[in-house]
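Right, one structure below, let's go through it.
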Amino acid sequence: MAKVTVQFTCAECGTTSGRWLGKCPGCGAFGSLVEELHGSTTERAAAVARKPVPIGSVASEESTRISSGVPELDRVLGGGLVPGSLVLVGGEPGVGKSTLLLTALGEIARGGRRALLVTGEESAAQVSLRAARLGGTESVEILAETELDAVCATLEAERPDVCVIDSVQTLHATALASAPGSVAQVREAAGRLLRVAKEADVATVLVGHVTKDGAVAGPRVLEHLVDCVLQFEGDRYHEHRVLRATKNRFGSTNELGVFEMTAAGLVGVPDPSQLFGTTHAGEVGAAVGCALEGTRPLLLEVQALVAPTDLAMPRRVGTGVDPKRLAMIVAVLGRHAGVALASSDVFVNVAGGVRIEEPGADLAVALAIASAARGVPVREGVAAFGEIGLTGRLRQASQVDRRLEECAKLGIATVVAPPGGSSRRAPHTTGVETLRAALRAALEAKPPAEEAA
Ligand SMILES: Nc1ncnc2c1ncn2[C@@H]1O[C@H](COP(=O)(O)OP(=O)(O)OP(=O)(O)O)[C@@H](O)[C@H]1O
Ligand SMILES: [Mg+2]
């Protein structure tokens, strides 16, 4: 039998050492040595040549996806859990990871499959307290265990259809000396669970904590190992939560699931446009945009505040928008649309804690800023989408017809967007070519009447 040895490997340059060192002797990096297990407990048999098969003759498993029973979660997963896959769910403390996954397990168990919850973070009694609040989770099996070998052995023996590990940071392998939650432990746990998941055909969901810098703990050590990485976002002070995939081997990464946190658990919001895409008529500094997340168009309210400042470098602060794109939009507004912002702070916020990344939302951000800077509201019943170029010319966003249909569904009268689109259900589209023309079409001519003092 080969002996299992513990080695320390530098994460930067790969230098190995028999003991831990603060500074890597190879590259001089500090604190980069990570504990690893080397060698295996079983002697490797002589390798046997295997016969490759044509890919067409491999049975596809698409039809066997396990529905989680939570439609918004299924959507983000790309249609349900794939048997034998490993999914990582990350999120800030208290955002509702355990709640969401317990709900899903309850639904899976009710559908007649075996669902197992391995809890290392909370005791079985604490979980049952939550289960009582959520309801419908009686047939979920539970195991309170933090020992990695015991968890793997249980999975191999019991072979449930779906298993949730809450959380991967609490598991520990006894062979490693480092503390649970360290890079070495988390990596070892994920690697072992990956093997067990594939061999025993258990769809495994790992809950991972987000560290201070926002990455799933262990400097993103798990992301390349697992099949799917889901991020659960939203702040604890609002009831809305957004679930998105940052990696998915079996589906699109742009899908979005929206939930509302209630006393009875997380409730899916099937029509988020209704929720996020409404502005108050006549309000200065608010515009409705239509962003596309995966296959789902989403109407969003974008708010902006423009305030005079004495700072040499005025602030451009965006919540839910990319700071680089925000800086670009502010510059194009100043240069090509006559909206001077050089001595003003600009704040932009996307309603509902949603983050928009695609360039099709540029125009709505620009409208909100221009409205705030000029003190005139966006016309009533107007939505906007389109990408802003550096020359001040607008470019059509992708999948125009889908967006137009969503606008029509929510009773938008006019869409300010570059020409294009052929949907018959579309509202009136202005077909503007430049940012300047878009501002003319979308903004009211006069500021709102001052209320009598
Ligand atoms: N009775 C209740 N009514 C409404 N909301 C509740 C209730 N109890 C808990 N919550 C919500 O559930 C959230 C905690 O959910 P959960 O324990 O699933 O989070 P988590 O992401 O698993 O957290 P952790 O990282 O600490 O494990 C709380 O932030 C709170 O918003
Ligand atoms: Mg939890």
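Identifiers in this document derive from the order of the structure tokens: chains are assigned A, B, ..., residues are numbered from 1 separately in each chain, and ligands are numbered from 1 in order of occurrence.
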- Message: Please list as a list in words every residue within 7 Å of Leu299 (chain A), counting only C-alpha atoms and excluding residues in the same chain fewer than 6 positions away.
- Response: Ser273, Phe276, Gly277, Val288, Gly289, Cys290 and Ala291 of chain A
Those residues with C-alpha atoms, as a compact mmCIF listing (two decimals), in the first residue's frame please?
# COMPACT_ATOMS: atom_id res chain seq x y z
CA SER A 273 -41.12 43.11 -14.36
CA PHE A 276 -39.26 46.25 -10.53
CA GLY A 277 -40.35 48.01 -13.72
CA VAL A 288 -37.64 52.23 -17.11
CA GLY A 289 -35.29 50.00 -19.06
CA CYS A 290 -35.72 46.54 -20.49
CA ALA A 291 -32.80 44.24 -19.80
- Distance filter 8 Å around ligand 1, atoms: only C-alpha atoms and all ligand atoms, out as number ranges by chain: A: 91-101, 121, 130, 133, 166-167, 209, 236-237, 239, 261-265
- Item | Residue contacts of Glu358 (chain A) (12 Å, only C-alpha atoms) excluding same-chain residues fewer than 3 positions away, as a list in words |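 The filter keeps Asn254, Gly289, Cys290, Ala291, Leu292, Glu293, Gly294, Pro297, Leu298, Gly320, Val321, Asp322, Arg325, Arg355, Ala361, Asp362, Leu363, Ala364, Val365, Phe385, Gly386, Glu387, Ile388, Ala397 and Ser398 of chain A.
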Residues from the last selection, N, CA and C atoms, saved as a short mmCIF file (atom, residue, chain, number, x, y, z; two decimals), in the first residue's frame:
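The result, written out as selection_13.cif:
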data_model
loop_
_atom_site.label_atom_id
_atom_site.label_comp_id
_atom_site.auth_asym_id
_atom_site.auth_seq_id
_atom_site.Cartn_x
_atom_site.Cartn_y
_atom_site.Cartn_z
N ASN A 254 -27.10 33.00 -17.98
CA ASN A 254 -27.73 34.31 -17.84
C ASN A 254 -29.09 34.26 -17.19
N GLY A 289 -36.06 50.65 -18.00
CA GLY A 289 -35.29 50.00 -19.06
C GLY A 289 -35.76 48.57 -19.21
N CYS A 290 -35.39 47.96 -20.31
CA CYS A 290 -35.72 46.54 -20.49
C CYS A 290 -34.43 45.78 -20.70
N ALA A 291 -34.02 45.02 -19.70
CA ALA A 291 -32.80 44.24 -19.80
C ALA A 291 -33.16 42.81 -20.11
N LEU A 292 -32.25 42.09 -20.68
CA LEU A 292 -32.52 40.70 -21.02
C LEU A 292 -31.57 39.84 -20.19
N GLU A 293 -32.15 38.99 -19.37
CA GLU A 293 -31.34 38.08 -18.57
C GLU A 293 -31.60 36.68 -19.08
N GLY A 294 -30.66 36.13 -19.84
CA GLY A 294 -30.88 34.81 -20.42
C GLY A 294 -31.99 34.89 -21.44
N PRO A 297 -36.77 38.62 -20.60
CA PRO A 297 -36.69 40.08 -20.58
C PRO A 297 -37.23 40.59 -19.25
N LEU A 298 -36.65 41.66 -18.76
CA LEU A 298 -36.99 42.13 -17.42
C LEU A 298 -37.06 43.65 -17.45
N GLY A 320 -25.71 48.14 -8.80
CA GLY A 320 -26.39 47.30 -9.79
C GLY A 320 -25.95 47.57 -11.22
N VAL A 321 -25.06 48.54 -11.42
CA VAL A 321 -24.51 48.76 -12.76
C VAL A 321 -22.99 48.69 -12.71
N ASP A 322 -22.40 48.35 -13.83
CA ASP A 322 -20.96 48.23 -13.91
C ASP A 322 -20.33 49.63 -13.85
N ARG A 325 -18.97 51.03 -17.18
CA ARG A 325 -20.01 51.43 -18.13
C ARG A 325 -20.65 52.72 -17.69
N ARG A 355 -28.83 43.32 -10.53
CA ARG A 355 -27.62 43.82 -11.18
C ARG A 355 -27.80 43.68 -12.68
N ALA A 361 -28.95 47.85 -21.56
CA ALA A 361 -29.55 48.68 -20.52
C ALA A 361 -28.95 50.08 -20.47
N ASP A 362 -27.93 50.34 -21.29
CA ASP A 362 -27.25 51.65 -21.30
C ASP A 362 -28.21 52.82 -21.40
N LEU A 363 -29.14 52.70 -22.35
CA LEU A 363 -29.98 53.86 -22.67
C LEU A 363 -30.84 54.26 -21.47
N ALA A 364 -31.36 53.28 -20.73
CA ALA A 364 -32.19 53.59 -19.58
C ALA A 364 -31.36 54.31 -18.52
N VAL A 365 -30.10 53.88 -18.34
CA VAL A 365 -29.22 54.53 -17.36
C VAL A 365 -28.98 55.98 -17.79
N PHE A 385 -34.42 50.91 -24.32
CA PHE A 385 -33.27 50.00 -24.33
C PHE A 385 -32.43 50.25 -25.57
N GLY A 386 -31.18 49.90 -25.50
CA GLY A 386 -30.26 50.12 -26.60
C GLY A 386 -28.86 50.35 -26.04
N GLU A 387 -27.88 49.99 -26.85
CA GLU A 387 -26.49 50.14 -26.41
C GLU A 387 -25.98 51.50 -26.87
N ILE A 388 -25.22 52.18 -26.01
CA ILE A 388 -24.68 53.49 -26.38
C ILE A 388 -23.24 53.32 -26.84
N ALA A 397 -30.11 46.64 -29.24
CA ALA A 397 -29.81 45.58 -28.28
C ALA A 397 -30.19 44.24 -28.90
N SER A 398 -29.74 43.15 -28.26
CA SER A 398 -30.05 41.83 -28.80
C SER A 398 -31.51 41.46 -28.51
#
- Which is closest to Leu171 (chain A) among A:Arg19, A:Arg192, A:His336, A:Arg159, if we use only C-alpha atoms?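 Smallest separation from Leu171 (chain A) among the options: A:Arg192.
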- Out of region 243-342 of chain A, which residues get strand (DSSP E) from DSSP, as number ranges by chain? A: 243-248, 256-262, 265-268, 286-293, 296-308, 316-319
- Message: So the first atom is CA of Glu145 (chain A) and the second is CA of Gln185 (chain A); what is the distance between them in Å, to one decimal place?
- Response: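 These two atoms are separated by 15.2 Å.
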- note - CA of Leu117 (chain A) and CA of Leu102 (chain A) are separated by 7.8 Å
- Expressed in Å to a single decimal, how great is the separation between CA of Pro25 (chain A) and CA of Leu37 (chain A)? 20.0 Å
Close residues, Leu81 (chain A) itself excluded, 8 Å, only C-alpha atoms, min 4 positions apart in chain, as a PDB file with C-alpha atoms, in the first residue's frame:
ATOM      1  CA  ARG A  65     -33.314  15.918 -14.996  1.00  0.00           C
ATOM      2  CA  ILE A  66     -34.727  16.061 -11.504  1.00  0.00           C
ATOM      3  CA  SER A  67     -37.092  18.952 -11.033  1.00  0.00           C
ATOM      4  CA  SER A  68     -36.370  20.737  -7.765  1.00  0.00           C
ATOM      5  CA  ASP A  74     -35.170  25.012 -12.066  1.00  0.00           C
ATOM      6  CA  LEU A  77     -30.290  25.358 -13.264  1.00  0.00           C
ATOM      7  CA  SER A  85     -23.955  16.598 -10.911  1.00  0.00           C
ATOM      8  CA  ALA A 203     -27.168  15.090  -7.499  1.00  0.00           C
TER       9      ALA A 203
END
- Gln231 (chain A): which residues within 10 Å, counting only C-alpha atoms, same-chain residues fewer than 2 positions away excluded, as a list in words? Leu88, Val89, Gly90, Gly91, Glu92, Lys97, Gly208, Val210, Val216, Val229, Glu233, Gly234, Val242, Leu243, Arg244, Ala245, Thr246 and Lys247 of chain A
Given the selection you just returned, output its residues as a file containing N, CA and C atoms, formatted as an mmCIF file, in the first residue's frame.
data_model
loop_
_atom_site.group_PDB
_atom_site.id
_atom_site.type_symbol
_atom_site.label_atom_id
_atom_site.label_comp_id
_atom_site.auth_asym_id
_atom_site.auth_seq_id
_atom_site.Cartn_x
_atom_site.Cartn_y
_atom_site.Cartn_z
ATOM 1 N N LEU A 88 -22.777 24.162 -6.715
ATOM 2 C CA LEU A 88 -22.331 24.976 -5.583
ATOM 3 C C LEU A 88 -23.246 26.184 -5.468
ATOM 4 N N VAL A 89 -23.821 26.398 -4.297
ATOM 5 C CA VAL A 89 -24.674 27.570 -4.079
ATOM 6 C C VAL A 89 -23.974 28.487 -3.101
ATOM 7 N N GLY A 90 -23.644 29.676 -3.557
ATOM 8 C CA GLY A 90 -22.942 30.630 -2.695
ATOM 9 C C GLY A 90 -23.858 31.772 -2.338
ATOM 10 N N GLY A 91 -23.527 32.449 -1.263
ATOM 11 C CA GLY A 91 -24.336 33.603 -0.886
ATOM 12 C C GLY A 91 -23.919 34.123 0.467
ATOM 13 N N GLU A 92 -24.232 35.367 0.721
ATOM 14 C CA GLU A 92 -23.875 35.994 1.988
ATOM 15 C C GLU A 92 -24.636 35.329 3.138
ATOM 16 N N LYS A 97 -30.010 30.702 1.882
ATOM 17 C CA LYS A 97 -29.563 29.495 1.175
ATOM 18 C C LYS A 97 -30.213 28.254 1.768
ATOM 19 N N GLY A 208 -21.942 27.038 -0.040
ATOM 20 C CA GLY A 208 -20.639 27.630 0.239
ATOM 21 C C GLY A 208 -20.801 29.037 0.741
ATOM 22 N N VAL A 210 -19.720 32.889 1.306
ATOM 23 C CA VAL A 210 -18.958 33.903 0.601
ATOM 24 C C VAL A 210 -18.004 34.529 1.612
ATOM 25 N N VAL A 216 -16.561 32.730 -3.357
ATOM 26 C CA VAL A 216 -16.958 31.573 -2.559
ATOM 27 C C VAL A 216 -15.697 31.023 -1.903
ATOM 28 N N VAL A 229 -22.318 26.746 -10.688
ATOM 29 C CA VAL A 229 -22.135 27.654 -9.555
ATOM 30 C C VAL A 229 -23.296 28.639 -9.543
ATOM 31 N N GLU A 233 -28.154 36.275 -4.285
ATOM 32 C CA GLU A 233 -27.843 37.665 -3.960
ATOM 33 C C GLU A 233 -29.066 38.384 -3.411
ATOM 34 N N GLY A 234 -28.824 39.591 -2.999
ATOM 35 C CA GLY A 234 -29.914 40.399 -2.465
ATOM 36 C C GLY A 234 -29.525 40.812 -1.086
ATOM 37 N N VAL A 242 -32.216 37.442 -5.517
ATOM 38 C CA VAL A 242 -32.003 37.077 -6.915
ATOM 39 C C VAL A 242 -31.016 35.918 -6.965
ATOM 40 N N LEU A 243 -31.378 34.872 -7.677
ATOM 41 C CA LEU A 243 -30.499 33.713 -7.838
ATOM 42 C C LEU A 243 -30.006 33.708 -9.271
ATOM 43 N N ARG A 244 -28.683 33.654 -9.449
ATOM 44 C CA ARG A 244 -28.173 33.598 -10.821
ATOM 45 C C ARG A 244 -27.050 32.578 -10.916
ATOM 46 N N ALA A 245 -26.876 32.030 -12.115
ATOM 47 C CA ALA A 245 -25.808 31.062 -12.337
ATOM 48 C C ALA A 245 -24.587 31.801 -12.856
ATOM 49 N N THR A 246 -23.418 31.564 -12.253
ATOM 50 C CA THR A 246 -22.202 32.170 -12.806
ATOM 51 C C THR A 246 -21.441 31.140 -13.630
ATOM 52 N N LYS A 247 -21.780 29.869 -13.434
ATOM 53 C CA LYS A 247 -21.219 28.826 -14.278
ATOM 54 C C LYS A 247 -22.261 27.730 -14.368
#
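Counting only C-alpha atoms and all ligand atoms, the residue from A:Leu86, A:Val118, A:Ala286, A:Val48 that sits nearest to ligand 2 is A:Val118.
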- Task: Between A:Ser139, A:Asn349, A:Gln169, A:Thr16, single out the one closest to ligand 2, counting only C-alpha atoms and all ligand atoms.
- Result: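 Of the candidates, the smallest distance to ligand 2 is held by A:Gln169.
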- Task: Could you give me, as a list of chain:residue names, the residues within 9 Å of Arg249 (chain A), counting only C-alpha atoms and dropping anything in the same chain fewer than 6 positions from it?
- Result: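 Once the nearby chain positions are removed, what remains is A:Val226, A:Asp227, A:Cys228.
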Next, the residues of the selection above should be written as a PDB file, in the first residue's frame with all heavy atoms.
ATOM      1  N   VAL A 226     -16.834  22.065  -9.781  1.00  0.00           N
ATOM      2  CA  VAL A 226     -18.254  21.736  -9.784  1.00  0.00           C
ATOM      3  C   VAL A 226     -18.855  21.980 -11.170  1.00  0.00           C
ATOM      4  O   VAL A 226     -18.250  22.623 -12.013  1.00  0.00           O
ATOM      5  CB  VAL A 226     -19.006  22.561  -8.719  1.00  0.00           C
ATOM      6  CG1 VAL A 226     -18.484  22.278  -7.341  1.00  0.00           C
ATOM      7  CG2 VAL A 226     -18.903  24.039  -9.018  1.00  0.00           C
ATOM      8  N   ASP A 227     -20.069  21.433 -11.382  1.00  0.00           N
ATOM      9  CA  ASP A 227     -20.714  21.575 -12.686  1.00  0.00           C
ATOM     10  C   ASP A 227     -21.430  22.906 -12.807  1.00  0.00           C
ATOM     11  O   ASP A 227     -21.628  23.424 -13.895  1.00  0.00           O
ATOM     12  CB  ASP A 227     -21.740  20.451 -12.873  1.00  0.00           C
ATOM     13  CG  ASP A 227     -21.079  19.086 -12.895  1.00  0.00           C
ATOM     14  OD1 ASP A 227     -20.133  18.936 -13.663  1.00  0.00           O
ATOM     15  OD2 ASP A 227     -21.500  18.191 -12.144  1.00  0.00           O
ATOM     16  N   CYS A 228     -21.829  23.435 -11.683  1.00  0.00           N
ATOM     17  CA  CYS A 228     -22.715  24.588 -11.738  1.00  0.00           C
ATOM     18  C   CYS A 228     -22.463  25.454 -10.500  1.00  0.00           C
ATOM     19  O   CYS A 228     -22.348  24.923  -9.395  1.00  0.00           O
ATOM     20  CB  CYS A 228     -24.140  24.026 -11.730  1.00  0.00           C
ATOM     21  SG  CYS A 228     -25.398  25.205 -12.000  1.00  0.00           S
TER      22      CYS A 228
END
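The closest residue to Val348 (chain A), picked from A:Gly251, A:Pro323, A:Gly421, A:Gly22 and counting only C-alpha atoms, is A:Pro323.
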- Task: Please provide the set of residues having any atom within 12 Å of Pro418 (chain A), restricted to only C-alpha atoms, with same-chain residues fewer than 5 positions apart removed, written as an MDAnalysis selection string.
- Result: chainID A and resid 360 363 384:389 393:398 400 429:435 437:438 441
- Message: Ranking A:Gly120, A:Pro448, A:Gly191, A:Gly136 by minimum distance to ligand 2 and counting only C-alpha atoms and all ligand atoms, which one comes first?
- Response: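 Of all the options, A:Gly120 lies closest to ligand 2.
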- Query: Tell me, which residues of region 129-310 of chain A carry DSSP alpha helix (DSSP H), written as a PyMOL selection string?
  - Reply: chain A and resi 129-134+148-158+183-200+272-276
